[in-house]
>>> print(open('work-v9.cif').read())   # mmCIF, C-alpha atoms, pLDDT in the B column; chains and numbers go by the auth columns
data_my_file
loop_
_atom_site.group_PDB
_atom_site.id
_atom_site.type_symbol
_atom_site.label_atom_id
_atom_site.label_comp_id
_atom_site.label_asym_id
_atom_site.label_seq_id
_atom_site.Cartn_x
_atom_site.Cartn_y
_atom_site.Cartn_z
_atom_site.B_iso_or_equiv
_atom_site.auth_seq_id
_atom_site.auth_asym_id
ATOM 1 C CA MET A 1 21.905 -15.449 -5.986 39.00 1 F
ATOM 2 C CA THR A 2 25.023 -15.561 -8.153 42.00 2 F
ATOM 3 C CA ALA A 3 25.796 -19.134 -9.192 49.00 3 F
ATOM 4 C CA GLY A 4 29.026 -20.874 -8.304 53.00 4 F
ATOM 5 C CA LEU A 5 29.596 -19.869 -4.691 82.00 5 F
ATOM 6 C CA ASP A 6 27.334 -19.451 -1.693 90.00 6 F
ATOM 7 C CA PHE A 7 27.648 -19.184 2.069 95.00 7 F
ATOM 8 C CA ASP A 8 25.316 -18.929 5.021 96.00 8 F
ATOM 9 C CA THR A 9 27.571 -17.251 7.598 97.00 9 F
ATOM 10 C CA LEU A 10 29.981 -14.345 7.754 98.00 10 F
ATOM 11 C CA ARG A 11 32.722 -14.678 10.365 98.00 11 F
ATOM 12 C CA VAL A 12 35.183 -11.977 11.358 98.00 12 F
ATOM 13 C CA ASP A 13 38.018 -13.337 13.528 98.00 13 F
ATOM 14 C CA ASP A 14 40.184 -10.877 15.464 98.00 14 F
ATOM 15 C CA VAL A 15 40.559 -8.507 12.511 98.00 15 F
ATOM 16 C CA THR A 16 42.955 -5.562 12.733 98.00 16 F
ATOM 17 C CA ARG A 17 43.844 -2.993 10.077 98.00 17 F
ATOM 18 C CA VAL A 18 46.795 -0.653 10.479 97.00 18 F
ATOM 19 C CA PHE A 19 47.715 2.363 8.337 96.00 19 F
ATOM 20 C CA GLY A 20 51.271 3.324 9.162 95.00 20 F
ATOM 21 C CA ARG A 21 51.220 4.014 12.903 92.00 21 F
ATOM 22 C CA ARG A 22 47.431 4.367 13.074 94.00 22 F
ATOM 23 C CA ARG A 23 45.254 1.403 14.001 95.00 23 F
ATOM 24 C CA ALA A 24 41.957 1.982 12.198 97.00 24 F
ATOM 25 C CA VAL A 25 40.368 -1.320 13.269 98.00 25 F
ATOM 26 C CA ALA A 26 41.583 -3.327 16.263 98.00 26 F
ATOM 27 C CA HIS A 27 40.755 -6.947 17.114 98.00 27 F
ATOM 28 C CA VAL A 28 37.166 -6.962 15.844 98.00 28 F
ATOM 29 C CA SER A 29 35.296 -10.275 15.930 98.00 29 F
ATOM 30 C CA PHE A 30 31.677 -11.162 15.171 98.00 30 F
ATOM 31 C CA GLU A 31 29.581 -13.696 13.311 98.00 31 F
ATOM 32 C CA ALA A 32 26.430 -13.100 11.267 98.00 32 F
ATOM 33 C CA PRO A 33 24.114 -15.797 9.897 98.00 33 F
ATOM 34 C CA ALA A 34 22.089 -15.620 6.699 98.00 34 F
ATOM 35 C CA GLY A 35 18.889 -13.673 7.202 98.00 35 F
ATOM 36 C CA SER A 36 20.270 -11.114 9.630 97.00 36 F
ATOM 37 C CA ILE A 37 21.139 -7.416 9.747 97.00 37 F
ATOM 38 C CA VAL A 38 24.251 -6.296 11.635 97.00 38 F
ATOM 39 C CA GLY A 39 24.664 -2.656 12.608 96.00 39 F
ATOM 40 C CA LEU A 40 27.998 -0.883 13.008 97.00 40 F
ATOM 41 C CA LEU A 41 27.437 2.184 15.180 95.00 41 F
ATOM 42 C CA GLY A 42 29.993 4.811 16.120 92.00 42 F
ATOM 43 C CA HIS A 43 31.283 8.310 15.485 90.00 43 F
ATOM 44 C CA ASN A 44 33.075 9.340 12.296 89.00 44 F
ATOM 45 C CA GLY A 45 36.536 7.793 12.392 91.00 45 F
ATOM 46 C CA ALA A 46 35.430 4.853 14.543 94.00 46 F
ATOM 47 C CA GLY A 47 36.525 2.336 11.892 96.00 47 F
ATOM 48 C CA LYS A 48 33.141 1.524 10.340 96.00 48 F
ATOM 49 C CA SER A 49 34.081 2.277 6.727 96.00 49 F
ATOM 50 C CA THR A 50 37.433 0.497 7.043 97.00 50 F
ATOM 51 C CA LEU A 51 35.699 -2.596 8.376 98.00 51 F
ATOM 52 C CA LEU A 52 33.175 -2.500 5.518 97.00 52 F
ATOM 53 C CA ALA A 53 36.004 -2.183 2.997 97.00 53 F
ATOM 54 C CA MET A 54 37.617 -5.317 4.413 97.00 54 F
ATOM 55 C CA LEU A 55 34.313 -7.204 4.332 97.00 55 F
ATOM 56 C CA ALA A 56 33.949 -6.139 0.690 96.00 56 F
ATOM 57 C CA THR A 57 37.460 -7.537 -0.073 95.00 57 F
ATOM 58 C CA LEU A 58 38.554 -4.053 -1.176 94.00 58 F
ATOM 59 C CA MET A 59 41.133 -4.017 1.611 95.00 59 F
ATOM 60 C CA ARG A 60 42.963 -6.813 3.381 95.00 60 F
ATOM 61 C CA PRO A 61 43.242 -7.087 7.147 97.00 61 F
ATOM 62 C CA THR A 62 46.673 -6.478 8.620 97.00 62 F
ATOM 63 C CA SER A 63 45.947 -9.442 10.892 97.00 63 F
ATOM 64 C CA GLY A 64 43.030 -11.745 11.603 97.00 64 F
ATOM 65 C CA ARG A 65 40.778 -13.217 8.952 96.00 65 F
ATOM 66 C CA ILE A 66 37.348 -12.939 7.379 97.00 66 F
ATOM 67 C CA VAL A 67 35.570 -16.148 6.398 97.00 67 F
ATOM 68 C CA TYR A 68 32.500 -16.317 4.179 97.00 68 F
ATOM 69 C CA GLY A 69 30.969 -19.674 5.083 96.00 69 F
ATOM 70 C CA SER A 70 33.957 -21.908 4.404 94.00 70 F
ATOM 71 C CA HIS A 71 35.495 -19.518 1.851 94.00 71 F
ATOM 72 C CA THR A 72 38.297 -16.991 2.134 92.00 72 F
ATOM 73 C CA LEU A 73 39.310 -14.348 -0.393 88.00 73 F
ATOM 74 C CA ASP A 74 42.608 -16.077 -1.145 88.00 74 F
ATOM 75 C CA ALA A 75 40.848 -19.337 -1.992 86.00 75 F
ATOM 76 C CA ALA A 76 37.725 -18.014 -3.738 86.00 76 F
ATOM 77 C CA GLY A 77 38.871 -14.759 -5.392 82.00 77 F
ATOM 78 C CA ALA A 78 36.506 -13.259 -7.956 81.00 78 F
ATOM 79 C CA ARG A 79 33.809 -15.870 -7.299 86.00 79 F
ATOM 80 C CA LEU A 80 33.565 -14.542 -3.760 91.00 80 F
ATOM 81 C CA ARG A 81 33.359 -10.921 -4.900 90.00 81 F
ATOM 82 C CA SER A 82 30.440 -11.837 -7.164 91.00 82 F
ATOM 83 C CA THR A 83 28.362 -12.646 -4.065 94.00 83 F
ATOM 84 C CA ILE A 84 28.914 -9.228 -2.431 96.00 84 F
ATOM 85 C CA GLY A 85 26.997 -5.997 -3.040 96.00 85 F
ATOM 86 C CA ILE A 86 28.123 -2.653 -1.630 97.00 86 F
ATOM 87 C CA LEU A 87 26.584 0.801 -1.416 96.00 87 F
ATOM 88 C CA GLY A 88 28.961 3.478 -0.190 92.00 88 F
ATOM 89 C CA HIS A 89 29.131 7.252 -0.270 89.00 89 F
ATOM 90 C CA ASP A 90 29.753 7.203 -4.023 91.00 90 F
ATOM 91 C CA LEU A 91 26.604 5.885 -5.714 94.00 91 F
ATOM 92 C CA PHE A 92 28.460 4.746 -8.870 94.00 92 F
ATOM 93 C CA LEU A 93 25.715 5.873 -11.223 97.00 93 F
ATOM 94 C CA TYR A 94 26.108 7.578 -14.601 97.00 94 F
ATOM 95 C CA PRO A 95 23.958 10.730 -14.385 97.00 95 F
ATOM 96 C CA GLU A 96 23.599 11.136 -18.159 97.00 96 F
ATOM 97 C CA LEU A 97 22.105 7.637 -18.470 98.00 97 F
ATOM 98 C CA THR A 98 18.576 6.673 -17.534 98.00 98 F
ATOM 99 C CA ALA A 99 17.877 4.557 -14.474 98.00 99 F
ATOM 100 C CA ARG A 100 17.125 1.632 -16.781 98.00 100 F
ATOM 101 C CA GLU A 101 20.382 2.072 -18.691 98.00 101 F
ATOM 102 C CA ASN A 102 22.393 2.279 -15.469 98.00 102 F
ATOM 103 C CA LEU A 103 20.909 -0.928 -14.109 98.00 103 F
ATOM 104 C CA ALA A 104 21.217 -2.719 -17.463 97.00 104 F
ATOM 105 C CA PHE A 105 24.900 -1.804 -17.608 97.00 105 F
ATOM 106 C CA PHE A 106 25.625 -3.327 -14.207 97.00 106 F
ATOM 107 C CA ALA A 107 23.475 -6.384 -14.914 97.00 107 F
ATOM 108 C CA GLY A 108 25.591 -6.901 -18.014 95.00 108 F
ATOM 109 C CA LEU A 109 28.798 -6.692 -15.998 94.00 109 F
ATOM 110 C CA TYR A 110 27.563 -9.641 -13.933 92.00 110 F
ATOM 111 C CA GLY A 111 26.658 -11.618 -17.040 92.00 111 F
ATOM 112 C CA ASP A 112 22.924 -11.635 -16.362 94.00 112 F
ATOM 113 C CA PRO A 113 21.313 -13.799 -19.072 93.00 113 F
ATOM 114 C CA HIS A 114 17.970 -11.969 -18.763 93.00 114 F
ATOM 115 C CA PRO A 115 18.883 -8.335 -18.037 95.00 115 F
ATOM 116 C CA ASP A 116 15.608 -6.817 -19.253 96.00 116 F
ATOM 117 C CA GLY A 117 13.516 -8.727 -16.744 97.00 117 F
ATOM 118 C CA THR A 118 16.055 -8.135 -13.976 97.00 118 F
ATOM 119 C CA VAL A 119 16.083 -4.389 -14.595 98.00 119 F
ATOM 120 C CA THR A 120 12.292 -4.144 -14.777 97.00 120 F
ATOM 121 C CA SER A 121 12.041 -5.963 -11.449 97.00 121 F
ATOM 122 C CA ALA A 122 14.719 -3.721 -9.890 97.00 122 F
ATOM 123 C CA LEU A 123 12.913 -0.565 -10.967 97.00 123 F
ATOM 124 C CA ALA A 124 9.715 -1.887 -9.427 96.00 124 F
ATOM 125 C CA GLN A 125 11.568 -2.691 -6.186 93.00 125 F
ATOM 126 C CA ALA A 126 12.869 0.879 -6.147 93.00 126 F
ATOM 127 C CA GLY A 127 9.376 2.290 -6.694 92.00 127 F
ATOM 128 C CA LEU A 128 10.580 3.870 -9.929 95.00 128 F
ATOM 129 C CA ALA A 129 8.837 1.811 -12.593 96.00 129 F
ATOM 130 C CA ASP A 130 7.372 5.001 -14.085 97.00 130 F
ATOM 131 C CA ARG A 131 10.730 6.853 -14.085 97.00 131 F
ATOM 132 C CA GLY A 132 12.966 4.164 -15.524 98.00 132 F
ATOM 133 C CA ASP A 133 13.522 5.997 -18.808 98.00 133 F
ATOM 134 C CA ASP A 134 14.390 9.329 -17.200 98.00 134 F
ATOM 135 C CA PRO A 135 18.037 10.363 -16.764 98.00 135 F
ATOM 136 C CA VAL A 136 19.416 9.895 -13.265 98.00 136 F
ATOM 137 C CA SER A 137 20.517 13.549 -13.299 97.00 137 F
ATOM 138 C CA SER A 138 16.846 14.532 -13.005 97.00 138 F
ATOM 139 C CA PHE A 139 16.331 12.477 -9.836 96.00 139 F
ATOM 140 C CA SER A 140 16.239 13.651 -6.232 92.00 140 F
ATOM 141 C CA ARG A 141 18.877 12.414 -3.800 90.00 141 F
ATOM 142 C CA GLY A 142 16.454 9.829 -2.429 90.00 142 F
ATOM 143 C CA MET A 143 15.595 8.507 -5.891 93.00 143 F
ATOM 144 C CA ARG A 144 19.264 8.235 -6.849 94.00 144 F
ATOM 145 C CA GLN A 145 19.928 6.373 -3.617 92.00 145 F
ATOM 146 C CA ARG A 146 17.168 3.896 -4.440 92.00 146 F
ATOM 147 C CA VAL A 147 18.597 3.280 -7.915 96.00 147 F
ATOM 148 C CA ALA A 148 22.072 2.860 -6.430 96.00 148 F
ATOM 149 C CA LEU A 149 20.792 0.296 -3.946 96.00 149 F
ATOM 150 C CA GLU A 150 19.255 -1.728 -6.759 96.00 150 F
ATOM 151 C CA ARG A 151 22.542 -1.390 -8.630 97.00 151 F
ATOM 152 C CA ALA A 152 24.258 -2.977 -5.617 97.00 152 F
ATOM 153 C CA LEU A 153 21.640 -5.753 -5.523 97.00 153 F
ATOM 154 C CA ILE A 154 21.317 -6.400 -9.259 97.00 154 F
ATOM 155 C CA HIS A 155 23.252 -9.696 -9.000 95.00 155 F
ATOM 156 C CA ARG A 156 21.319 -10.889 -5.914 95.00 156 F
ATOM 157 C CA PRO A 157 24.311 -10.940 -3.552 96.00 157 F
ATOM 158 C CA ARG A 158 24.444 -12.991 -0.372 96.00 158 F
ATOM 159 C CA LEU A 159 26.327 -10.254 1.512 97.00 159 F
ATOM 160 C CA VAL A 160 25.097 -6.635 1.329 98.00 160 F
ATOM 161 C CA LEU A 161 27.261 -3.833 2.765 98.00 161 F
ATOM 162 C CA LEU A 162 25.852 -0.337 3.284 97.00 162 F
ATOM 163 C CA ASP A 163 27.832 2.685 4.442 96.00 163 F
ATOM 164 C CA GLU A 164 25.586 5.430 5.910 93.00 164 F
ATOM 165 C CA PRO A 165 22.727 4.632 3.506 93.00 165 F
ATOM 166 C CA PHE A 166 20.233 6.996 5.195 90.00 166 F
ATOM 167 C CA THR A 167 22.300 10.169 4.724 86.00 167 F
ATOM 168 C CA GLY A 168 20.345 12.890 2.940 83.00 168 F
ATOM 169 C CA LEU A 169 17.136 10.884 2.585 88.00 169 F
ATOM 170 C CA ASP A 170 13.691 12.323 3.192 88.00 170 F
ATOM 171 C CA ASP A 171 11.205 10.409 5.328 89.00 171 F
ATOM 172 C CA ALA A 172 9.583 8.607 2.392 87.00 172 F
ATOM 173 C CA SER A 173 12.916 7.447 0.951 87.00 173 F
ATOM 174 C CA ALA A 174 14.184 6.366 4.377 90.00 174 F
ATOM 175 C CA SER A 175 11.011 4.334 4.949 90.00 175 F
ATOM 176 C CA ALA A 176 11.378 2.699 1.535 89.00 176 F
ATOM 177 C CA LEU A 177 14.983 1.800 2.330 91.00 177 F
ATOM 178 C CA LEU A 178 14.019 0.281 5.675 93.00 178 F
ATOM 179 C CA ALA A 179 11.398 -1.870 3.962 92.00 179 F
ATOM 180 C CA ARG A 180 13.933 -3.002 1.350 93.00 180 F
ATOM 181 C CA LEU A 181 16.459 -3.968 4.027 95.00 181 F
ATOM 182 C CA ARG A 182 13.871 -6.020 5.894 95.00 182 F
ATOM 183 C CA ALA A 183 12.948 -7.761 2.637 94.00 183 F
ATOM 184 C CA LEU A 184 16.620 -8.580 2.049 96.00 184 F
ATOM 185 C CA ARG A 185 16.846 -10.122 5.509 96.00 185 F
ATOM 186 C CA ASP A 186 13.698 -12.145 4.842 97.00 186 F
ATOM 187 C CA SER A 187 15.224 -13.417 1.577 96.00 187 F
ATOM 188 C CA GLY A 188 18.248 -14.813 3.446 97.00 188 F
ATOM 189 C CA ALA A 189 20.840 -12.120 2.763 97.00 189 F
ATOM 190 C CA ILE A 190 23.448 -11.054 5.309 98.00 190 F
ATOM 191 C CA VAL A 191 23.271 -7.273 5.633 98.00 191 F
ATOM 192 C CA VAL A 192 25.875 -5.112 7.388 98.00 192 F
ATOM 193 C CA VAL A 193 24.935 -1.444 7.852 97.00 193 F
ATOM 194 C CA ALA A 194 27.213 1.319 9.119 96.00 194 F
ATOM 195 C CA THR A 195 25.095 4.190 10.392 91.00 195 F
ATOM 196 C CA HIS A 196 24.906 6.936 12.969 85.00 196 F
ATOM 197 C CA ASP A 197 21.143 7.349 12.585 87.00 197 F
ATOM 198 C CA LEU A 198 19.917 5.717 15.786 89.00 198 F
ATOM 199 C CA ASP A 199 16.249 6.537 15.185 88.00 199 F
ATOM 200 C CA LEU A 200 16.184 4.636 11.899 87.00 200 F
ATOM 201 C CA ALA A 201 18.329 1.796 13.240 89.00 201 F
ATOM 202 C CA GLU A 202 15.943 1.251 16.143 88.00 202 F
ATOM 203 C CA GLY A 203 13.949 -1.921 15.506 88.00 203 F
ATOM 204 C CA LEU A 204 15.900 -2.837 12.343 93.00 204 F
ATOM 205 C CA LEU A 205 19.060 -4.555 13.569 95.00 205 F
ATOM 206 C CA ASP A 206 19.479 -8.108 14.817 95.00 206 F
ATOM 207 C CA GLN A 207 22.985 -7.518 16.138 95.00 207 F
ATOM 208 C CA VAL A 208 24.765 -4.258 16.968 95.00 208 F
ATOM 209 C CA LEU A 209 28.479 -3.530 17.337 96.00 209 F
ATOM 210 C CA PHE A 210 29.390 -0.212 18.955 95.00 210 F
ATOM 211 C CA LEU A 211 32.768 0.962 17.626 96.00 211 F
ATOM 212 C CA ARG A 212 35.069 3.552 19.149 95.00 212 F
ATOM 213 C CA ASP A 213 38.634 4.190 17.984 95.00 213 F
ATOM 214 C CA GLY A 214 38.512 1.021 15.896 96.00 214 F
ATOM 215 C CA ARG A 215 37.469 -1.277 18.743 97.00 215 F
ATOM 216 C CA VAL A 216 34.194 -2.925 19.655 97.00 216 F
ATOM 217 C CA VAL A 217 33.363 -1.314 23.001 96.00 217 F
ATOM 218 C CA ASP A 218 29.899 -2.832 23.420 95.00 218 F
ATOM 219 C CA ARG A 219 27.434 -5.167 21.713 94.00 219 F
ATOM 220 C CA ALA A 220 23.692 -5.662 21.649 92.00 220 F
ATOM 221 C CA THR A 221 21.370 -8.361 20.366 88.00 221 F
ATOM 222 C CA GLY A 222 18.373 -6.678 18.812 78.00 222 F
ATOM 223 C CA SER A 223 18.088 -2.947 18.420 71.00 223 F
ATOM 224 C CA THR A 224 15.913 -1.583 21.188 70.00 224 F
ATOM 225 C CA ALA A 225 17.141 1.144 23.557 79.00 225 F
ATOM 226 C CA LEU A 226 20.026 1.851 21.200 88.00 226 F
ATOM 227 C CA ARG A 227 20.409 5.467 22.228 88.00 227 F
ATOM 228 C CA THR A 228 21.081 4.632 25.887 88.00 228 F
ATOM 229 C CA THR A 229 23.621 1.937 25.031 89.00 229 F
ATOM 230 C CA TYR A 230 25.234 4.153 22.403 89.00 230 F
ATOM 231 C CA ARG A 231 25.747 7.058 24.788 89.00 231 F
ATOM 232 C CA ALA A 232 27.303 4.780 27.391 89.00 232 F
ATOM 233 C CA ALA A 233 29.527 3.036 24.828 88.00 233 F
ATOM 234 C CA MET A 234 30.736 6.324 23.373 87.00 234 F
ATOM 235 C CA GLY A 235 31.435 7.760 26.839 81.00 235 F
ATOM 236 C CA LEU A 236 28.870 10.532 26.409 73.00 236 F
ATOM 237 C CA GLY A 237 27.434 10.242 29.919 58.00 237 F
ATOM 238 C CA GLY A 238 24.399 12.443 30.433 51.00 238 F
ATOM 239 C CA ARG A 239 25.085 14.729 27.493 48.00 239 F
#
>>> encode(input="work-v9.cif", output="structure tokens")
Amino acid sequence: MTAGLDFDTLRVDDVTRVFGRRRAVAHVSFEAPAGSIVGLLGHNGAGKSTLLAMLATLMRPTSGRIVYGSHTLDAAGARLRSTIGILGHDLFLYPELTARENLAFFAGLYGDPHPDGTVTSALAQAGLADRGDDPVSSFSRGMRQRVALERALIHRPRLVLLDEPFTGLDDASASALLARLRALRDSGAIVVVATHDLDLAEGLLDQVLFLRDGRVVDRATGSTALRTTYRAAMGLGGR
């Protein structure tokens, strides 16, 4: 965990984000404790990525507030950002560099005093200890995704934000990602995952928010029978 700032809850209070005349997120509220995984489920355009961007402090709410323990962005600034890790559609890897060089670069950005050990551990977590000195350009999509996840976790963040992390993964890579997410939960991280993959989300999530047109239209505690709840929440009926 990054020194200097910590929190054990994430609280979203009546958050709305407006772009011009379009309301991308409307009056969303939830709370997540340390050691939990929250799922954001909904169609494309439901507001999942916008909500993640606000949680990551990359975008400010138009109204409402996000509180990280007792900290807000205005009060904590960069110290707060240093406790957040995000994996989006762009993996933010340098393809001409090796996996080891990529991870060492990001460890250096966070001022890691022992980057060699951190990188070696990250490669082992990714199941790529034997490929660490190969360029990322030679990796499959699943292998790049695993390196990118470790890049997002290299500073041991308290809050981990993942936007459609299962897209394009084969079964082995998806299984490895599921195991890594469960390990993060067990370590006390707060994980928020936006996904439309109900099969993989089943059994993973502690709390589920179903989003439609920027609003939370249903909730679930636990992640069983997601498909039935999802279809009802999205107004799909018997289709």
>>> residues_near_point(input="work-v9.cif", point="(25.0, 8.5, -12.5)", cutoff="9 Å", atoms="all atoms listed in the file", output="PyMOL selection string")
chain F and resi 91-99+102+135-137+144+148
>>> residues_around(input="work-v9.cif", residues="stretch 61-76 of chain F", least_positions_apart="4", cutoff="8 Å", atoms="only C-alpha atoms", output="list in words")
Asp6, Phe7, Asp8, Thr9, Leu10, Arg11, Val12, Asp13, Asp14, Val15, Thr16, Arg17, Val18, His27, Met54, Leu55, Thr57 and Leu80 of chain F
>>> closest_residue(input="work-v9.cif", among="F:Gly39, F:Gly88, F:Gly108, F:Pro113", to="F:Leu181", atoms="all atoms listed in the file")
F:Gly39
>>> resolve_selection(input="work-v9.cif", expression="the PyMOL selection byres ((chain F and resi 155) around 10)", output="VMD selection string")
chain F and resid 1 to 3 82 to 85 106 to 112 118 150 to 154 156 to 158
>>> atom_distance(input="work-v9.cif", atom1="atom CA of F:Thr228", atom2="atom CA of F:Val160")
27.3 Å
>>> closest_residue(input="work-v9.cif", among="F:Ala183, F:Ala78, F:Leu209, F:Ile190", to="F:Thr221", atoms="only C-alpha atoms")
F:Leu209
>>> residues_around(input="work-v9.cif", residues="F:Gly42", least_positions_apart="5", cutoff="9 Å", atoms="all atoms listed in the file", output="number ranges by chain")
F: 47-48, 194-196, 209-213, 230, 233-234
>>> resolve_selection(input="work-v9.cif", expression="the PyMOL selection byres ((chain F and resi 125) around 10)", output="PyMOL selection string")
chain F and resi 119-124+126-129+146-147+149-150+176+180
>>> closest_residue(input="work-v9.cif", among="F:Asn44, F:Arg131, F:Asp199, F:Gly142", to="F:Thr224", atoms="all atoms listed in the file")
F:Asp199
>>> residues_around(input="work-v9.cif", residues="F:Arg100", least_positions_apart="3", cutoff="7 Å", atoms="all atoms listed in the file", output="list in words")
Leu103, Ala104, Val119, Gly132 and Asp133 of chain F
>>> closest_residue(input="work-v9.cif", among="F:Arg215, F:His89, F:Arg79, F:Arg231", to="F:Ala46", atoms="only C-alpha atoms")
F:Arg215
>>> atom_distance(input="work-v9.cif", atom1="atom CA of F:Gly45", atom2="atom CA of F:Leu162")
16.2 Å
>>> closest_residue(input="work-v9.cif", among="F:Val191, F:Thr229, F:Arg219, F:Gly235", to="F:Ser29", atoms="all atoms listed in the file")
F:Arg219
>>> atom_distance(input="work-v9.cif", atom1="atom CA of F:Ala189", atom2="atom CA of F:Gly35")
5.1 Å
>>> closest_residue(input="work-v9.cif", among="F:Leu200, F:Asp163, F:Arg22, F:Ala53", to="F:Asp90", atoms="only C-alpha atoms")
F:Asp163
>>> residues_around(input="work-v9.cif", residues="F:Ile37", least_positions_apart="4", cutoff="7 Å", atoms="all atoms listed in the file", output="list in words")
Arg185, Ile190, Val191, Val192, Leu205, Asp206 and Gln207 of chain F
>>> write_last_selection(input="work-v9.cif", atoms="C-alpha atoms", output="PDB file, in the coordinates of the input")
ATOM      1  CA  ARG F 185      16.846 -10.122   5.509  1.00 96.00           C
ATOM      2  CA  ILE F 190      23.448 -11.054   5.309  1.00 98.00           C
ATOM      3  CA  VAL F 191      23.271  -7.273   5.633  1.00 98.00           C
ATOM      4  CA  VAL F 192      25.875  -5.112   7.388  1.00 98.00           C
ATOM      5  CA  LEU F 205      19.060  -4.555  13.569  1.00 95.00           C
ATOM      6  CA  ASP F 206      19.479  -8.108  14.817  1.00 95.00           C
ATOM      7  CA  GLN F 207      22.985  -7.518  16.138  1.00 95.00           C
TER       8      GLN F 207
END
>>> axis_aligned_box(input="work-v9.cif", around="stretch 34-43 of chain F", padding_each_side="6 Å", output="lines of an AutoDock Vina configuration file")
center_x = 25.1
center_y = -3.7
center_z = 11.4
size_x = 24.4
size_y = 35.9
size_z = 21.4
